Amino acid sequence: FVNMKDEWPADLDAPIVVYCGSGHRSTIAMTILWTYGYTDVLSMRGGVSEWVKGGYPVIDFVPEG
């Protein structure tokens, strides 16, 4: 995650939502972003597993390359 810092938004006030499978790692990522000065960062509570349980849509994505 931190090794991808060059892909983070230049605007420290950009809205950012981080997520993972359960919500634990995204909470850690949110805290890291705060320490780097980002101000509008949220972690998706419960992660993707809760998203799926809630019946929200999910699509498969396979990056090219």
# chains A, B, ... in the order shown; residues from 1 in each chain; ligands from 1

$ residues_around --residues "Val18 of chain A" --least-positions-apart "6" --cutoff "8 Å" --atoms "only C-alpha atoms" --output "NGL selection string"
:A and (26-27 or 29-30 or 41-44)

$ residues_around --residues "segment 57-62 of chain A" --least-positions-apart "3" --cutoff "9 Å" --atoms "only C-alpha atoms" --output "VMD selection string"
chain A and resid 48 51 to 52

$ atom_distance --atom1 "atom CA of Arg25 of chain A" --atom2 "atom CA of Gly54 of chain A"
20.0 Å

$ select_by_dssp --residues "chain A" --states "strand (DSSP E or B)" --output "VMD selection string"
chain A and resid 16 to 18 41 to 43

$ closest_residue --among "A:Thr35, A:Asn3, A:Asp13, A:Gly21" --to "Ser49 of chain A" --atoms "only C-alpha atoms"
A:Gly21

$ residues_around --residues "Lys5 of chain A" --least-positions-apart "5" --cutoff "10 Å" --atoms "only C-alpha atoms" --output "ChimeraX atom specification"
/A:10,33,36

$ select_by_dssp --residues "chain A" --states "helix (DSSP H, G or I)" --output "PyMOL selection string"
chain A and resi 2-7+24-35+47-53

$ write_last_selection --atoms "N, CA and C atoms" --output "short mmCIF file (atom, residue, chain, number, x, y, z; two decimals), in the first residue's frame"
data_model
loop_
_atom_site.label_atom_id
_atom_site.label_comp_id
_atom_site.auth_asym_id
_atom_site.auth_seq_id
_atom_site.Cartn_x
_atom_site.Cartn_y
_atom_site.Cartn_z
N VAL A 2 1.75 1.37 0.96
CA VAL A 2 2.61 2.56 1.04
C VAL A 2 3.58 2.60 -0.13
N ASN A 3 3.95 1.44 -0.66
CA ASN A 3 4.85 1.42 -1.81
C ASN A 3 4.16 1.91 -3.09
N MET A 4 2.86 2.19 -3.02
CA MET A 4 2.10 2.72 -4.16
C MET A 4 1.79 4.21 -3.97
N LYS A 5 2.54 4.87 -3.11
CA LYS A 5 2.26 6.27 -2.76
C LYS A 5 2.22 7.18 -3.97
N ASP A 6 2.96 6.86 -5.03
CA ASP A 6 2.96 7.69 -6.23
C ASP A 6 1.59 7.65 -6.94
N GLU A 7 0.73 6.71 -6.57
CA GLU A 7 -0.61 6.61 -7.14
C GLU A 7 -1.67 7.29 -6.28
N HIS A 24 -10.81 -4.64 8.34
CA HIS A 24 -9.69 -4.46 9.27
C HIS A 24 -8.50 -3.77 8.60
N ARG A 25 -8.05 -4.30 7.48
CA ARG A 25 -6.88 -3.71 6.79
C ARG A 25 -7.19 -2.31 6.26
N SER A 26 -8.45 -2.10 5.85
CA SER A 26 -8.79 -0.76 5.34
C SER A 26 -8.76 0.27 6.46
N THR A 27 -9.08 -0.13 7.68
CA THR A 27 -8.97 0.79 8.82
C THR A 27 -7.51 1.17 9.05
N ILE A 28 -6.62 0.22 8.90
CA ILE A 28 -5.19 0.50 9.02
C ILE A 28 -4.75 1.45 7.91
N ALA A 29 -5.21 1.18 6.67
CA ALA A 29 -4.86 2.04 5.53
C ALA A 29 -5.39 3.46 5.75
N MET A 30 -6.60 3.58 6.28
CA MET A 30 -7.18 4.89 6.56
C MET A 30 -6.28 5.67 7.53
N THR A 31 -5.84 5.00 8.56
CA THR A 31 -4.97 5.64 9.56
C THR A 31 -3.65 6.08 8.94
N ILE A 32 -3.09 5.26 8.06
CA ILE A 32 -1.85 5.61 7.38
C ILE A 32 -2.07 6.86 6.52
N LEU A 33 -3.17 6.89 5.77
CA LEU A 33 -3.47 8.06 4.95
C LEU A 33 -3.61 9.31 5.80
N TRP A 34 -4.24 9.20 6.96
CA TRP A 34 -4.35 10.35 7.85
C TRP A 34 -2.97 10.84 8.27
N THR A 35 -2.07 9.91 8.58
CA THR A 35 -0.73 10.32 9.01
C THR A 35 0.04 11.03 7.90
N GLY A 47 -16.14 -4.15 5.28
CA GLY A 47 -15.48 -4.54 4.05
C GLY A 47 -16.42 -5.09 2.99
N VAL A 48 -15.81 -5.72 2.00
CA VAL A 48 -16.56 -6.27 0.87
C VAL A 48 -17.51 -7.38 1.33
N SER A 49 -17.13 -8.13 2.34
CA SER A 49 -18.00 -9.22 2.79
C SER A 49 -19.34 -8.68 3.28
N GLU A 50 -19.35 -7.58 4.01
CA GLU A 50 -20.61 -6.97 4.46
C GLU A 50 -21.36 -6.34 3.30
N TRP A 51 -20.62 -5.80 2.33
CA TRP A 51 -21.24 -5.23 1.14
C TRP A 51 -22.05 -6.32 0.41
N VAL A 52 -21.43 -7.49 0.23
CA VAL A 52 -22.09 -8.60 -0.45
C VAL A 52 -23.29 -9.08 0.37
N LYS A 53 -23.10 -9.23 1.70
CA LYS A 53 -24.21 -9.65 2.56
C LYS A 53 -25.38 -8.69 2.47
#

$ decode --residues "segment 8-40 of chain A" --atoms "N, CA, C and O atoms" --output "PDB file, in the first residue's frame"
ATOM      1  N   TRP A   8      -1.291   7.784  -5.110  1.00  0.00           N
ATOM      2  CA  TRP A   8      -2.227   8.460  -4.226  1.00  0.00           C
ATOM      3  C   TRP A   8      -2.571   9.834  -4.802  1.00  0.00           C
ATOM      4  O   TRP A   8      -1.762  10.433  -5.512  1.00  0.00           O
ATOM      5  N   PRO A   9      -3.755  10.370  -4.488  1.00  0.00           N
ATOM      6  CA  PRO A   9      -4.112  11.699  -4.978  1.00  0.00           C
ATOM      7  C   PRO A   9      -3.149  12.771  -4.476  1.00  0.00           C
ATOM      8  O   PRO A   9      -2.683  12.719  -3.327  1.00  0.00           O
ATOM      9  N   ALA A  10      -2.852  13.732  -5.336  1.00  0.00           N
ATOM     10  CA  ALA A  10      -1.998  14.854  -4.925  1.00  0.00           C
ATOM     11  C   ALA A  10      -2.741  15.773  -3.959  1.00  0.00           C
ATOM     12  O   ALA A  10      -2.131  16.378  -3.075  1.00  0.00           O
ATOM     13  N   ASP A  11      -4.053  15.849  -4.110  1.00  0.00           N
ATOM     14  CA  ASP A  11      -4.893  16.707  -3.269  1.00  0.00           C
ATOM     15  C   ASP A  11      -5.144  16.014  -1.931  1.00  0.00           C
ATOM     16  O   ASP A  11      -5.825  14.990  -1.870  1.00  0.00           O
ATOM     17  N   LEU A  12      -4.603  16.575  -0.860  1.00  0.00           N
ATOM     18  CA  LEU A  12      -4.758  15.974   0.468  1.00  0.00           C
ATOM     19  C   LEU A  12      -6.191  16.036   0.980  1.00  0.00           C
ATOM     20  O   LEU A  12      -6.534  15.376   1.953  1.00  0.00           O
ATOM     21  N   ASP A  13      -7.044  16.848   0.325  1.00  0.00           N
ATOM     22  CA  ASP A  13      -8.447  16.956   0.725  1.00  0.00           C
ATOM     23  C   ASP A  13      -9.372  16.138  -0.177  1.00  0.00           C
ATOM     24  O   ASP A  13     -10.595  16.224  -0.065  1.00  0.00           O
ATOM     25  N   ALA A  14      -8.807  15.339  -1.067  1.00  0.00           N
ATOM     26  CA  ALA A  14      -9.616  14.510  -1.967  1.00  0.00           C
ATOM     27  C   ALA A  14     -10.400  13.477  -1.153  1.00  0.00           C
ATOM     28  O   ALA A  14      -9.858  12.899  -0.208  1.00  0.00           O
ATOM     29  N   PRO A  15     -11.670  13.240  -1.499  1.00  0.00           N
ATOM     30  CA  PRO A  15     -12.417  12.189  -0.790  1.00  0.00           C
ATOM     31  C   PRO A  15     -11.899  10.813  -1.188  1.00  0.00           C
ATOM     32  O   PRO A  15     -11.747  10.515  -2.363  1.00  0.00           O
ATOM     33  N   ILE A  16     -11.601   9.993  -0.177  1.00  0.00           N
ATOM     34  CA  ILE A  16     -11.051   8.658  -0.398  1.00  0.00           C
ATOM     35  C   ILE A  16     -11.829   7.664   0.455  1.00  0.00           C
ATOM     36  O   ILE A  16     -12.046   7.891   1.645  1.00  0.00           O
ATOM     37  N   VAL A  17     -12.238   6.547  -0.155  1.00  0.00           N
ATOM     38  CA  VAL A  17     -12.842   5.441   0.583  1.00  0.00           C
ATOM     39  C   VAL A  17     -11.949   4.230   0.358  1.00  0.00           C
ATOM     40  O   VAL A  17     -11.681   3.860  -0.779  1.00  0.00           O
ATOM     41  N   VAL A  18     -11.474   3.643   1.436  1.00  0.00           N
ATOM     42  CA  VAL A  18     -10.640   2.450   1.334  1.00  0.00           C
ATOM     43  C   VAL A  18     -11.452   1.245   1.809  1.00  0.00           C
ATOM     44  O   VAL A  18     -12.337   1.370   2.650  1.00  0.00           O
ATOM     45  N   TYR A  19     -11.168   0.086   1.209  1.00  0.00           N
ATOM     46  CA  TYR A  19     -11.911  -1.115   1.579  1.00  0.00           C
ATOM     47  C   TYR A  19     -11.030  -2.343   1.412  1.00  0.00           C
ATOM     48  O   TYR A  19     -10.015  -2.313   0.728  1.00  0.00           O
ATOM     49  N   CYS A  20     -11.421  -3.391   2.089  1.00  0.00           N
ATOM     50  CA  CYS A  20     -10.746  -4.688   1.989  1.00  0.00           C
ATOM     51  C   CYS A  20     -11.818  -5.749   2.202  1.00  0.00           C
ATOM     52  O   CYS A  20     -13.008  -5.442   2.179  1.00  0.00           O
ATOM     53  N   GLY A  21     -11.426  -6.952   2.442  1.00  0.00           N
ATOM     54  CA  GLY A  21     -12.394  -8.031   2.611  1.00  0.00           C
ATOM     55  C   GLY A  21     -13.247  -7.903   3.857  1.00  0.00           C
ATOM     56  O   GLY A  21     -14.458  -8.117   3.816  1.00  0.00           O
ATOM     57  N   SER A  22     -12.650  -7.535   4.986  1.00  0.00           N
ATOM     58  CA  SER A  22     -13.380  -7.519   6.249  1.00  0.00           C
ATOM     59  C   SER A  22     -13.496  -6.141   6.901  1.00  0.00           C
ATOM     60  O   SER A  22     -14.269  -5.965   7.828  1.00  0.00           O
ATOM     61  N   GLY A  23     -12.711  -5.188   6.451  1.00  0.00           N
ATOM     62  CA  GLY A  23     -12.725  -3.855   7.053  1.00  0.00           C
ATOM     63  C   GLY A  23     -11.552  -3.593   7.978  1.00  0.00           C
ATOM     64  O   GLY A  23     -11.302  -2.457   8.364  1.00  0.00           O
ATOM     65  N   HIS A  24     -10.811  -4.635   8.344  1.00  0.00           N
ATOM     66  CA  HIS A  24      -9.686  -4.458   9.273  1.00  0.00           C
ATOM     67  C   HIS A  24      -8.498  -3.766   8.600  1.00  0.00           C
ATOM     68  O   HIS A  24      -8.001  -2.749   9.091  1.00  0.00           O
ATOM     69  N   ARG A  25      -8.045  -4.296   7.476  1.00  0.00           N
ATOM     70  CA  ARG A  25      -6.883  -3.707   6.794  1.00  0.00           C
ATOM     71  C   ARG A  25      -7.190  -2.315   6.260  1.00  0.00           C
ATOM     72  O   ARG A  25      -6.318  -1.447   6.241  1.00  0.00           O
ATOM     73  N   SER A  26      -8.446  -2.095   5.848  1.00  0.00           N
ATOM     74  CA  SER A  26      -8.787  -0.761   5.344  1.00  0.00           C
ATOM     75  C   SER A  26      -8.756   0.272   6.458  1.00  0.00           C
ATOM     76  O   SER A  26      -8.425   1.437   6.220  1.00  0.00           O
ATOM     77  N   THR A  27      -9.077  -0.133   7.682  1.00  0.00           N
ATOM     78  CA  THR A  27      -8.971   0.793   8.817  1.00  0.00           C
ATOM     79  C   THR A  27      -7.515   1.171   9.050  1.00  0.00           C
ATOM     80  O   THR A  27      -7.199   2.335   9.331  1.00  0.00           O
ATOM     81  N   ILE A  28      -6.621   0.216   8.898  1.00  0.00           N
ATOM     82  CA  ILE A  28      -5.189   0.500   9.021  1.00  0.00           C
ATOM     83  C   ILE A  28      -4.751   1.450   7.908  1.00  0.00           C
ATOM     84  O   ILE A  28      -4.041   2.426   8.150  1.00  0.00           O
ATOM     85  N   ALA A  29      -5.210   1.180   6.671  1.00  0.00           N
ATOM     86  CA  ALA A  29      -4.865   2.041   5.535  1.00  0.00           C
ATOM     87  C   ALA A  29      -5.389   3.460   5.747  1.00  0.00           C
ATOM     88  O   ALA A  29      -4.701   4.433   5.437  1.00  0.00           O
ATOM     89  N   MET A  30      -6.603   3.579   6.277  1.00  0.00           N
ATOM     90  CA  MET A  30      -7.179   4.893   6.558  1.00  0.00           C
ATOM     91  C   MET A  30      -6.284   5.665   7.529  1.00  0.00           C
ATOM     92  O   MET A  30      -5.983   6.843   7.316  1.00  0.00           O
ATOM     93  N   THR A  31      -5.838   5.000   8.565  1.00  0.00           N
ATOM     94  CA  THR A  31      -4.968   5.638   9.561  1.00  0.00           C
ATOM     95  C   THR A  31      -3.650   6.080   8.936  1.00  0.00           C
ATOM     96  O   THR A  31      -3.151   7.168   9.221  1.00  0.00           O
ATOM     97  N   ILE A  32      -3.095   5.256   8.065  1.00  0.00           N
ATOM     98  CA  ILE A  32      -1.852   5.613   7.379  1.00  0.00           C
ATOM     99  C   ILE A  32      -2.070   6.855   6.518  1.00  0.00           C
ATOM    100  O   ILE A  32      -1.252   7.790   6.532  1.00  0.00           O
ATOM    101  N   LEU A  33      -3.171   6.886   5.775  1.00  0.00           N
ATOM    102  CA  LEU A  33      -3.466   8.058   4.946  1.00  0.00           C
ATOM    103  C   LEU A  33      -3.608   9.314   5.797  1.00  0.00           C
ATOM    104  O   LEU A  33      -3.137  10.383   5.419  1.00  0.00           O
ATOM    105  N   TRP A  34      -4.242   9.197   6.956  1.00  0.00           N
ATOM    106  CA  TRP A  34      -4.354  10.348   7.854  1.00  0.00           C
ATOM    107  C   TRP A  34      -2.970  10.841   8.273  1.00  0.00           C
ATOM    108  O   TRP A  34      -2.737  12.038   8.330  1.00  0.00           O
ATOM    109  N   THR A  35      -2.067   9.909   8.577  1.00  0.00           N
ATOM    110  CA  THR A  35      -0.731  10.318   9.014  1.00  0.00           C
ATOM    111  C   THR A  35       0.040  11.031   7.902  1.00  0.00           C
ATOM    112  O   THR A  35       0.940  11.813   8.191  1.00  0.00           O
ATOM    113  N   TYR A  36      -0.336  10.765   6.652  1.00  0.00           N
ATOM    114  CA  TYR A  36       0.289  11.457   5.517  1.00  0.00           C
ATOM    115  C   TYR A  36      -0.427  12.762   5.182  1.00  0.00           C
ATOM    116  O   TYR A  36      -0.095  13.415   4.200  1.00  0.00           O
ATOM    117  N   GLY A  37      -1.424  13.131   5.983  1.00  0.00           N
ATOM    118  CA  GLY A  37      -2.066  14.433   5.819  1.00  0.00           C
ATOM    119  C   GLY A  37      -3.375  14.437   5.053  1.00  0.00           C
ATOM    120  O   GLY A  37      -3.965  15.502   4.855  1.00  0.00           O
ATOM    121  N   TYR A  38      -3.864  13.278   4.627  1.00  0.00           N
ATOM    122  CA  TYR A  38      -5.154  13.243   3.940  1.00  0.00           C
ATOM    123  C   TYR A  38      -6.265  13.492   4.949  1.00  0.00           C
ATOM    124  O   TYR A  38      -6.222  12.989   6.069  1.00  0.00           O
ATOM    125  N   THR A  39      -7.246  14.303   4.557  1.00  0.00           N
ATOM    126  CA  THR A  39      -8.246  14.771   5.518  1.00  0.00           C
ATOM    127  C   THR A  39      -9.622  14.143   5.362  1.00  0.00           C
ATOM    128  O   THR A  39     -10.412  14.178   6.305  1.00  0.00           O
ATOM    129  N   ASP A  40      -9.948  13.604   4.199  1.00  0.00           N
ATOM    130  CA  ASP A  40     -11.300  13.111   3.921  1.00  0.00           C
ATOM    131  C   ASP A  40     -11.243  11.625   3.551  1.00  0.00           C
ATOM    132  O   ASP A  40     -11.524  11.241   2.425  1.00  0.00           O
TER     133      ASP A  40
END
